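J.: Below: one structure in structure tokens.
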Amino acid sequence: MSSTPSSGRPANDTPAPDAPVTLDELRALFDKLPGPDLAAASAVATREAQLTKPAGALGRLEDFSQWLAAWQGRATPKLTRPRVAVFVANHGIADRGVSAYPASVTKQMVENFVQGGAAINQLCTLIDADLRVYELDLDAPTQDFVDAPAMNEQECARAMAYGMMAVEQGIDVLCLGEMGIGNTTVAAALCHGLYGGNASDWVGPGTGVTGTAFDTKLQVVTAGVARHRDRLTAAGTDKDPMQWLAAVGGLEIAALCGAILAARMGRTPVLLDGYVVTAAAAVLHKIDPRAIDHCLVAHLSAEPAHRLLCEKIGKRPVLDLGMRLGEGTGAALAVTILKAAVDCHTGMATFEQAGVSGPV
């Protein structure tokens, strides 16, 4: 597998301009979500109890083996074909100085991915993963959500459809990452609207902003959420989270939502990278908490609000390494843990095979 994508935008992965994709069509998929393969998970649990170790001695590795089996639909899970998909987009609010870097860095980083010079390239080599980088028209950022909705419904739906094409048959696990200057601001606005509280609960340093720039970031999130508050409530009831995604989201975040949804439809296990990717998953979780059962949060980001967000969606991260790079790096690292779980489960001898006495 290649850790260096041949181009920033893989061929034939963009919906046709007249593609009949709407938010209503995407909403309808929530009535068709397939469940896990419980028979496969049960088979793993049965074998796990026979392996040469005390019950539960491998801790969460045992849980990961069952989770993979349930969503791969295999009594014997495997992890030989991981894919890392990185979605890239630009944001109108970046012009307000919410990041330590200019928006031009987004396109520059795509070239770095293509040339194999980013951290994610090195990690994909380590785990033997297929790396795909999906650009979403970097020359046409979303609208500044303080002044207008970031996307209209058609733009949001098309971005979600774009993300769905990252999922193909035969992928053992899909690692999702992102790149886009300003997107931790977008994630904070999404979460602030979805879960309430104060903007300060959801805003963090992102690329390393402090002082006046951090204050600006707080003000932008506060203003954006206030500007679109009417999309959140109607007659005292929660409205459609997809409307909120369109109001303050980003093209790459919408694409991530599409990829997560398509993976569920295809029963493909998903590893969510840090704060931004988890914020995308939270949109789906708000629609139906079961919608992200096929997902694990790969690592706990150093972005402060990520811990709170993981609590909101009921997910315990696999790793906690103080990382906050994005690019899918935490998800790629978590593949090593899943590989360890699979190798232990499939390679260990049973008590009978090893001639070892079992528990009494």
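Residue names in the structure tokens use chain letters A, B, ... in the order shown, residue numbers from 1 in each chain, and ligand numbers from 1 in the order shown.
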Excluding range 151-164 of chain A and residues on its chain fewer than 5 positions from it, collect all residues at most 8 Å away from it, counting only C-alpha atoms, and give them as a VMD selection string.

T.: chain A and resid 13 to 15 21 to 23 26 87 136 142 to 143 243 245 to 252 254 to 263

J.: Based on the selection just made, write C-alpha atoms of those residues as a PDB file, in the first residue's frame.

T.:
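That gives us selection26.pdb:
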ATOM      1  CA  ASP A  13     -14.428  10.910  -6.764  1.00  0.00           C
ATOM      2  CA  THR A  14     -16.508  14.067  -7.263  1.00  0.00           C
ATOM      3  CA  PRO A  15     -20.306  13.828  -7.604  1.00  0.00           C
ATOM      4  CA  VAL A  21     -28.280  14.254  -3.561  1.00  0.00           C
ATOM      5  CA  THR A  22     -30.294  16.115  -0.947  1.00  0.00           C
ATOM      6  CA  LEU A  23     -30.268  16.297   2.816  1.00  0.00           C
ATOM      7  CA  LEU A  26     -29.289  11.467   3.469  1.00  0.00           C
ATOM      8  CA  PHE A  87     -10.565  15.506   4.010  1.00  0.00           C
ATOM      9  CA  LEU A 136     -13.069  20.042  -1.367  1.00  0.00           C
ATOM     10  CA  THR A 142     -17.363  28.243   2.975  1.00  0.00           C
ATOM     11  CA  GLN A 143     -19.050  31.517   3.857  1.00  0.00           C
ATOM     12  CA  GLN A 243     -29.305  22.214   9.383  1.00  0.00           C
ATOM     13  CA  LEU A 245     -24.025  21.520  10.138  1.00  0.00           C
ATOM     14  CA  ALA A 246     -24.911  23.635   7.108  1.00  0.00           C
ATOM     15  CA  ALA A 247     -25.122  26.806   9.202  1.00  0.00           C
ATOM     16  CA  VAL A 248     -21.728  26.702  10.934  1.00  0.00           C
ATOM     17  CA  GLY A 249     -19.952  23.629   9.576  1.00  0.00           C
ATOM     18  CA  GLY A 250     -17.252  23.099   6.992  1.00  0.00           C
ATOM     19  CA  LEU A 251     -17.102  21.216   3.726  1.00  0.00           C
ATOM     20  CA  GLU A 252     -14.573  18.715   5.085  1.00  0.00           C
ATOM     21  CA  ALA A 254     -19.755  17.512   6.090  1.00  0.00           C
ATOM     22  CA  ALA A 255     -17.648  15.087   4.030  1.00  0.00           C
ATOM     23  CA  LEU A 256     -16.559  13.363   7.227  1.00  0.00           C
ATOM     24  CA  CYS A 257     -20.221  12.973   8.196  1.00  0.00           C
ATOM     25  CA  GLY A 258     -20.824  11.344   4.815  1.00  0.00           C
ATOM     26  CA  ALA A 259     -17.880   8.996   5.201  1.00  0.00           C
ATOM     27  CA  ILE A 260     -19.012   7.903   8.671  1.00  0.00           C
ATOM     28  CA  LEU A 261     -22.541   7.310   7.413  1.00  0.00           C
ATOM     29  CA  ALA A 262     -21.372   5.360   4.349  1.00  0.00           C
ATOM     30  CA  ALA A 263     -19.096   3.249   6.521  1.00  0.00           C
TER      31      ALA A 263
END

J.: Quick one: residues within 7 Å of range 306-314 of chain A, only C-alpha atoms, excluding same-chain residues fewer than 2 positions away - as a list in words?

T.: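 Answer for this query is Tyr275, Ala282, His285, Leu300, Ser301, Glu303, Pro304 and Arg316 of chain A.
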
J.: Could you please take those selected residues and save N, CA and C atoms as a PDB file, in the first residue's frame?

T.:
ATOM      1  N   TYR A 275     -10.486  16.212  17.659  1.00  0.00           N
ATOM      2  CA  TYR A 275     -11.642  17.052  17.962  1.00  0.00           C
ATOM      3  C   TYR A 275     -12.525  17.307  16.753  1.00  0.00           C
ATOM      4  N   ALA A 282     -20.401  13.758  16.041  1.00  0.00           N
ATOM      5  CA  ALA A 282     -21.409  14.223  16.992  1.00  0.00           C
ATOM      6  C   ALA A 282     -22.683  14.679  16.290  1.00  0.00           C
ATOM      7  N   HIS A 285     -24.525  11.542  15.788  1.00  0.00           N
ATOM      8  CA  HIS A 285     -24.950  11.036  17.090  1.00  0.00           C
ATOM      9  C   HIS A 285     -26.177  11.786  17.597  1.00  0.00           C
ATOM     10  N   LEU A 300      -7.386  10.815  22.533  1.00  0.00           N
ATOM     11  CA  LEU A 300      -7.877  12.014  23.197  1.00  0.00           C
ATOM     12  C   LEU A 300      -6.983  13.184  22.795  1.00  0.00           C
ATOM     13  N   SER A 301      -7.541  14.095  22.058  1.00  0.00           N
ATOM     14  CA  SER A 301      -6.773  15.249  21.600  1.00  0.00           C
ATOM     15  C   SER A 301      -6.384  16.146  22.773  1.00  0.00           C
ATOM     16  N   GLU A 303      -6.583  19.202  22.446  1.00  0.00           N
ATOM     17  CA  GLU A 303      -7.574  20.277  22.377  1.00  0.00           C
ATOM     18  C   GLU A 303      -8.547  20.072  23.541  1.00  0.00           C
ATOM     19  N   PRO A 304      -8.643  21.013  24.475  1.00  0.00           N
ATOM     20  CA  PRO A 304      -9.338  20.755  25.747  1.00  0.00           C
ATOM     21  C   PRO A 304     -10.769  20.250  25.619  1.00  0.00           C
ATOM     22  N   ARG A 316     -14.913   6.348  24.850  1.00  0.00           N
ATOM     23  CA  ARG A 316     -13.634   6.376  25.577  1.00  0.00           C
ATOM     24  C   ARG A 316     -12.504   6.232  24.565  1.00  0.00           C
TER      25      ARG A 316
END

J.: Taking a cut-off of 10 Å and counting only C-alpha atoms, can you build a table that, for each residue of range 28-121 of chain A near range 290-293 of chain A, reports the nearest atom pair and how far apart they are in Å (one decimal), sorted by chain then residue number, as a tab-separated table?

T.:
residue	atom	partner	partner_atom	distance
A:Phe30	CA	A:Ala291	CA	7.4
A:Leu33	CA	A:Ala291	CA	7.2
A:Pro34	CA	A:Ala291	CA	9.4
A:Gly35	CA	A:Asp293	CA	8.6
A:Pro36	CA	A:Asp293	CA	8.5
A:Trp67	CA	A:Asp293	CA	9.4
A:Trp71	CA	A:Asp293	CA	9.1

J.: Where in range 14-141 of chain A does DSSP assign strand (DSSP E), given as JSON, numbers by chain?

T.: {"A": [82, 83, 84, 85, 86, 87, 88, 130, 131, 132, 133, 134, 135]}

J.: With N, CA and C atoms retained, could you export that selection as a CSV table (one decimal), in the first residue's frame?

T.:
chain,number,residue,atom,x,y,z
A,82,PRO,N,-6.0,-1.4,6.2
A,82,PRO,CA,-6.5,-0.2,6.7
A,82,PRO,C,-6.5,0.9,5.7
A,83,ARG,N,-7.4,1.9,5.7
A,83,ARG,CA,-7.3,3.0,4.9
A,83,ARG,C,-7.4,4.3,5.7
A,84,VAL,N,-6.6,5.3,5.4
A,84,VAL,CA,-6.6,6.6,6.0
A,84,VAL,C,-7.2,7.6,5.0
A,85,ALA,N,-8.3,8.2,5.3
A,85,ALA,CA,-8.9,9.2,4.4
A,85,ALA,C,-8.8,10.6,5.1
A,86,VAL,N,-8.1,11.5,4.5
A,86,VAL,CA,-8.0,12.9,5.0
A,86,VAL,C,-8.8,13.8,4.1
A,87,PHE,N,-9.7,14.5,4.7
A,87,PHE,CA,-10.6,15.5,4.0
A,87,PHE,C,-10.1,16.9,4.3
A,88,VAL,N,-10.0,17.7,3.2
A,88,VAL,CA,-9.3,19.0,3.3
A,88,VAL,C,-10.2,20.1,2.7
A,130,ASP,N,-3.3,2.4,3.2
A,130,ASP,CA,-3.6,3.2,2.0
A,130,ASP,C,-4.1,4.6,2.4
A,131,LEU,N,-3.4,5.6,1.9
A,131,LEU,CA,-3.7,7.0,2.2
A,131,LEU,C,-4.4,7.7,1.1
A,132,ARG,N,-5.5,8.3,1.3
A,132,ARG,CA,-6.3,9.0,0.3
A,132,ARG,C,-6.5,10.5,0.9
A,133,VAL,N,-6.2,11.4,0.1
A,133,VAL,CA,-6.5,12.8,0.5
A,133,VAL,C,-7.5,13.4,-0.5
A,134,TYR,N,-8.6,13.9,0.2
A,134,TYR,CA,-9.8,14.4,-0.6
A,134,TYR,C,-9.9,15.9,-0.4
A,135,GLU,N,-9.7,16.7,-1.5
A,135,GLU,CA,-9.8,18.1,-1.4
A,135,GLU,C,-11.3,18.5,-1.7

J.: Set the distance at 10 Å and use only C-alpha atoms: which residues neighbour Val221 in chain A once local chain neighbours fewer than 3 positions away are removed? I'd like the list as a list in words.

T.: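 The contact residues come out as Ile93, Val98, Phe145, Val146, Thr185, Val186, Ala187, Ala188, Ala189, Leu190, His192, Gly193, Asn198, Ala199, Ser200, Trp202, Val203, Thr216, Lys217, Leu218, Gly224, Val225, Ala226, Arg227 and Val248 of chain A.
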
J.: With DSSP run on the backbone, what are the helix (DSSP H, G or I) residues within range 56-101 of chain A? I'd like them as a ChimeraX atom specification.

T.: /A:60-72,92-96

J.: Which polymer residues have any atom within 12 Å of an atom of Gly347 in chain A, counting only C-alpha atoms, with same-chain residues fewer than 3 positions away left out, as a PDB file with all heavy atoms, in the first residue's frame?

T.:
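Okay, part12.pdb is ready:
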ATOM      1  N   ARG A  47     -14.071 -17.755  21.761  1.00  0.00           N
ATOM      2  CA  ARG A  47     -12.662 -18.112  21.608  1.00  0.00           C
ATOM      3  C   ARG A  47     -11.814 -17.407  22.664  1.00  0.00           C
ATOM      4  O   ARG A  47     -10.880 -18.000  23.216  1.00  0.00           O
ATOM      5  CB  ARG A  47     -12.174 -17.751  20.205  1.00  0.00           C
ATOM      6  CG  ARG A  47     -10.673 -17.947  20.029  1.00  0.00           C
ATOM      7  CD  ARG A  47     -10.204 -17.755  18.601  1.00  0.00           C
ATOM      8  NE  ARG A  47      -8.752 -17.658  18.546  1.00  0.00           N
ATOM      9  CZ  ARG A  47      -7.898 -18.674  18.642  1.00  0.00           C
ATOM     10  NH1 ARG A  47      -8.374 -19.907  18.821  1.00  0.00           N
ATOM     11  NH2 ARG A  47      -6.588 -18.491  18.587  1.00  0.00           N
ATOM     12  N   GLU A  48     -12.125 -16.149  22.947  1.00  0.00           N
ATOM     13  CA  GLU A  48     -11.357 -15.377  23.922  1.00  0.00           C
ATOM     14  C   GLU A  48     -11.306 -16.090  25.269  1.00  0.00           C
ATOM     15  O   GLU A  48     -10.278 -16.102  25.957  1.00  0.00           O
ATOM     16  CB  GLU A  48     -11.984 -13.995  24.094  1.00  0.00           C
ATOM     17  CG  GLU A  48     -11.069 -12.944  24.675  1.00  0.00           C
ATOM     18  CD  GLU A  48     -10.012 -12.467  23.713  1.00  0.00           C
ATOM     19  OE1 GLU A  48     -10.333 -12.127  22.563  1.00  0.00           O
ATOM     20  OE2 GLU A  48      -8.829 -12.439  24.137  1.00  0.00           O
ATOM     21  N   LEU A  51      -8.511 -18.871  25.436  1.00  0.00           N
ATOM     22  CA  LEU A  51      -7.106 -18.562  25.194  1.00  0.00           C
ATOM     23  C   LEU A  51      -6.284 -18.655  26.470  1.00  0.00           C
ATOM     24  O   LEU A  51      -6.816 -18.506  27.590  1.00  0.00           O
ATOM     25  CB  LEU A  51      -6.979 -17.168  24.582  1.00  0.00           C
ATOM     26  CG  LEU A  51      -7.677 -16.976  23.232  1.00  0.00           C
ATOM     27  CD1 LEU A  51      -7.487 -15.546  22.732  1.00  0.00           C
ATOM     28  CD2 LEU A  51      -7.157 -17.983  22.200  1.00  0.00           C
ATOM     29  N   THR A  52      -4.986 -18.854  26.305  1.00  0.00           N
ATOM     30  CA  THR A  52      -4.096 -19.120  27.434  1.00  0.00           C
ATOM     31  C   THR A  52      -3.777 -17.844  28.212  1.00  0.00           C
ATOM     32  O   THR A  52      -2.665 -17.290  28.129  1.00  0.00           O
ATOM     33  CB  THR A  52      -2.793 -19.773  26.945  1.00  0.00           C
ATOM     34  OG1 THR A  52      -2.276 -19.031  25.817  1.00  0.00           O
ATOM     35  CG2 THR A  52      -3.033 -21.199  26.524  1.00  0.00           C
ATOM     36  N   THR A  76     -13.587 -14.231  12.648  1.00  0.00           N
ATOM     37  CA  THR A  76     -12.149 -14.033  12.830  1.00  0.00           C
ATOM     38  C   THR A  76     -11.793 -12.667  12.269  1.00  0.00           C
ATOM     39  O   THR A  76     -11.680 -12.499  11.050  1.00  0.00           O
ATOM     40  CB  THR A  76     -11.327 -15.126  12.111  1.00  0.00           C
ATOM     41  OG1 THR A  76     -11.731 -16.411  12.579  1.00  0.00           O
ATOM     42  CG2 THR A  76      -9.836 -14.925  12.359  1.00  0.00           C
ATOM     43  N   PRO A  77     -11.645 -11.651  13.117  1.00  0.00           N
ATOM     44  CA  PRO A  77     -11.356 -10.305  12.606  1.00  0.00           C
ATOM     45  C   PRO A  77      -9.970 -10.253  11.969  1.00  0.00           C
ATOM     46  O   PRO A  77      -9.085 -11.052  12.286  1.00  0.00           O
ATOM     47  CB  PRO A  77     -11.412  -9.437  13.871  1.00  0.00           C
ATOM     48  CG  PRO A  77     -11.085 -10.374  14.996  1.00  0.00           C
ATOM     49  CD  PRO A  77     -11.666 -11.703  14.595  1.00  0.00           C
ATOM     50  N   LYS A  78      -9.794  -9.307  11.050  1.00  0.00           N
ATOM     51  CA  LYS A  78      -8.472  -9.123  10.454  1.00  0.00           C
ATOM     52  C   LYS A  78      -8.212  -7.636  10.259  1.00  0.00           C
ATOM     53  O   LYS A  78      -9.134  -6.811  10.236  1.00  0.00           O
ATOM     54  CB  LYS A  78      -8.358  -9.866   9.129  1.00  0.00           C
ATOM     55  CG  LYS A  78      -9.193  -9.297   7.986  1.00  0.00           C
ATOM     56  CD  LYS A  78      -8.890 -10.036   6.687  1.00  0.00           C
ATOM     57  CE  LYS A  78      -9.619  -9.380   5.509  1.00  0.00           C
ATOM     58  NZ  LYS A  78      -9.256 -10.014   4.218  1.00  0.00           N
ATOM     59  N   LYS A 339      -4.281  -3.790  15.671  1.00  0.00           N
ATOM     60  CA  LYS A 339      -3.524  -4.918  15.120  1.00  0.00           C
ATOM     61  C   LYS A 339      -3.029  -5.829  16.240  1.00  0.00           C
ATOM     62  O   LYS A 339      -3.040  -7.063  16.103  1.00  0.00           O
ATOM     63  CB  LYS A 339      -2.336  -4.405  14.290  1.00  0.00           C
ATOM     64  CG  LYS A 339      -2.730  -3.864  12.923  1.00  0.00           C
ATOM     65  CD  LYS A 339      -1.506  -3.606  12.051  1.00  0.00           C
ATOM     66  CE  LYS A 339      -1.918  -3.235  10.639  1.00  0.00           C
ATOM     67  NZ  LYS A 339      -0.792  -3.200   9.694  1.00  0.00           N
ATOM     68  N   ALA A 340      -2.609  -5.233  17.332  1.00  0.00           N
ATOM     69  CA  ALA A 340      -2.182  -6.034  18.481  1.00  0.00           C
ATOM     70  C   ALA A 340      -3.331  -6.881  19.008  1.00  0.00           C
ATOM     71  O   ALA A 340      -3.154  -8.062  19.348  1.00  0.00           O
ATOM     72  CB  ALA A 340      -1.641  -5.125  19.580  1.00  0.00           C
ATOM     73  N   ALA A 341      -4.525  -6.272  19.066  1.00  0.00           N
ATOM     74  CA  ALA A 341      -5.698  -7.007  19.542  1.00  0.00           C
ATOM     75  C   ALA A 341      -6.003  -8.189  18.640  1.00  0.00           C
ATOM     76  O   ALA A 341      -6.259  -9.311  19.105  1.00  0.00           O
ATOM     77  CB  ALA A 341      -6.900  -6.071  19.621  1.00  0.00           C
ATOM     78  N   VAL A 342      -5.976  -7.947  17.325  1.00  0.00           N
ATOM     79  CA  VAL A 342      -6.275  -9.015  16.366  1.00  0.00           C
ATOM     80  C   VAL A 342      -5.234 -10.114  16.421  1.00  0.00           C
ATOM     81  O   VAL A 342      -5.563 -11.315  16.427  1.00  0.00           O
ATOM     82  CB  VAL A 342      -6.383  -8.429  14.941  1.00  0.00           C
ATOM     83  CG1 VAL A 342      -6.424  -9.536  13.895  1.00  0.00           C
ATOM     84  CG2 VAL A 342      -7.625  -7.561  14.819  1.00  0.00           C
ATOM     85  N   ASP A 343      -3.954  -9.740  16.452  1.00  0.00           N
ATOM     86  CA  ASP A 343      -2.897 -10.752  16.454  1.00  0.00           C
ATOM     87  C   ASP A 343      -2.938 -11.612  17.720  1.00  0.00           C
ATOM     88  O   ASP A 343      -2.727 -12.827  17.652  1.00  0.00           O
ATOM     89  CB  ASP A 343      -1.527 -10.082  16.323  1.00  0.00           C
ATOM     90  CG  ASP A 343      -1.270  -9.559  14.916  1.00  0.00           C
ATOM     91  OD1 ASP A 343      -2.122  -9.798  14.035  1.00  0.00           O
ATOM     92  OD2 ASP A 343      -0.233  -8.910  14.700  1.00  0.00           O
ATOM     93  N   CYS A 344      -3.208 -10.986  18.854  1.00  0.00           N
ATOM     94  CA  CYS A 344      -3.326 -11.775  20.083  1.00  0.00           C
ATOM     95  C   CYS A 344      -4.507 -12.725  20.001  1.00  0.00           C
ATOM     96  O   CYS A 344      -4.405 -13.913  20.359  1.00  0.00           O
ATOM     97  CB  CYS A 344      -3.464 -10.854  21.297  1.00  0.00           C
ATOM     98  SG  CYS A 344      -1.932 -10.035  21.784  1.00  0.00           S
ATOM     99  N   THR A 350      -5.180 -21.911  22.425  1.00  0.00           N
ATOM    100  CA  THR A 350      -6.167 -22.171  23.469  1.00  0.00           C
ATOM    101  C   THR A 350      -5.509 -23.045  24.548  1.00  0.00           C
ATOM    102  O   THR A 350      -4.436 -23.632  24.343  1.00  0.00           O
ATOM    103  CB  THR A 350      -7.396 -22.898  22.913  1.00  0.00           C
ATOM    104  OG1 THR A 350      -6.988 -24.198  22.442  1.00  0.00           O
ATOM    105  CG2 THR A 350      -8.023 -22.116  21.775  1.00  0.00           C
ATOM    106  N   GLN A 353      -5.060 -26.500  23.058  1.00  0.00           N
ATOM    107  CA  GLN A 353      -3.979 -26.604  22.085  1.00  0.00           C
ATOM    108  C   GLN A 353      -2.601 -26.587  22.750  1.00  0.00           C
ATOM    109  O   GLN A 353      -1.682 -27.300  22.321  1.00  0.00           O
ATOM    110  CB  GLN A 353      -4.074 -25.440  21.081  1.00  0.00           C
ATOM    111  CG  GLN A 353      -5.261 -25.535  20.137  1.00  0.00           C
ATOM    112  CD  GLN A 353      -5.483 -24.251  19.358  1.00  0.00           C
ATOM    113  OE1 GLN A 353      -5.106 -23.166  19.805  1.00  0.00           O
ATOM    114  NE2 GLN A 353      -6.092 -24.373  18.181  1.00  0.00           N
TER     115      GLN A 353
END

J.: Counting only C-alpha atoms, which of A:Pro317, A:Gly92, A:Gly97, A:Pro149 gets nearest to Arg229 in chain A?

T.: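 Using only C-alpha atoms, the shortest distance to Arg229 in chain A belongs to A:Pro149.
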
J.: May I have the residues within 6 Å of Ala75 in chain A as a list in words, using only C-alpha atoms and disregarding those fewer than 2 positions away in the same chain?

T.: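 Near neighbours after the sequence-gap exclusion: Ala40, Ala43 and Ala69 of chain A.
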
J.: Sorted by chain and rising residue number, which residues of range 107-169 of chain A lie within 8 Å of range 319-331 of chain A, and what are their closest atom pairs and distances in Å to one decimal, counting only C-alpha atoms, as a tab-separated table?

T.:
residue	atom	partner	partner_atom	distance
A:Ala119	CA	A:Thr329	CA	7.0
A:Ile120	CA	A:Thr329	CA	5.3
A:Leu123	CA	A:Thr329	CA	7.0

J.: Dump all heavy atoms for the selected residues as a short mmCIF file (atom, residue, chain, number, x, y, z; two decimals), in the first residue's frame?

T.:
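Generated file (out06.cif):
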data_model
loop_
_atom_site.label_atom_id
_atom_site.label_comp_id
_atom_site.auth_asym_id
_atom_site.auth_seq_id
_atom_site.Cartn_x
_atom_site.Cartn_y
_atom_site.Cartn_z
N ALA A 119 3.37 14.11 8.68
CA ALA A 119 3.40 13.07 9.71
C ALA A 119 2.53 11.88 9.32
O ALA A 119 2.90 10.72 9.55
CB ALA A 119 2.94 13.65 11.05
N ILE A 120 1.37 12.16 8.71
CA ILE A 120 0.48 11.05 8.38
C ILE A 120 1.10 10.12 7.34
O ILE A 120 0.87 8.91 7.37
CB ILE A 120 -0.91 11.58 7.90
CG1 ILE A 120 -1.91 10.43 7.80
CG2 ILE A 120 -0.79 12.34 6.59
CD1 ILE A 120 -2.12 9.65 9.08
N LEU A 123 3.23 7.66 9.27
CA LEU A 123 2.44 6.69 10.04
C LEU A 123 1.74 5.69 9.13
O LEU A 123 1.58 4.52 9.49
CB LEU A 123 1.43 7.43 10.92
CG LEU A 123 2.07 8.26 12.04
CD1 LEU A 123 1.01 9.08 12.77
CD2 LEU A 123 2.82 7.38 13.02
#

J.: Could you give me, as a list in words, the residues within 12 Å of Ala49 in chain A, counting only C-alpha atoms and dropping anything in the same chain fewer than 6 positions from it?

T.: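 Selected residues are Ser42, Ala43, Ala55, Gly56, Ala57, Leu58, Glu62, His345, Met348, Ala349, Thr350, Phe351, Glu352, Gly358 and Pro359 of chain A.
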
J.: Hey, which of A:Met179, A:Ala28, A:Val173, A:Ala150 ends up closest to Val110 in chain A? Count only C-alpha atoms.

T.: A:Met179

J.: So how far away is CA of Ala140 in chain A from CA of Val105 in chain A, in Å?

T.: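 Atom-to-atom, CA of Val105 in chain A to CA of Ala140 in chain A, that is 14.6 Å.
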
J.: Could you tell me which of A:Thr278, A:Leu68, A:Pro102, A:Lys32 comes closest to Ala45 in chain A if we count only C-alpha atoms?

T.: A:Leu68
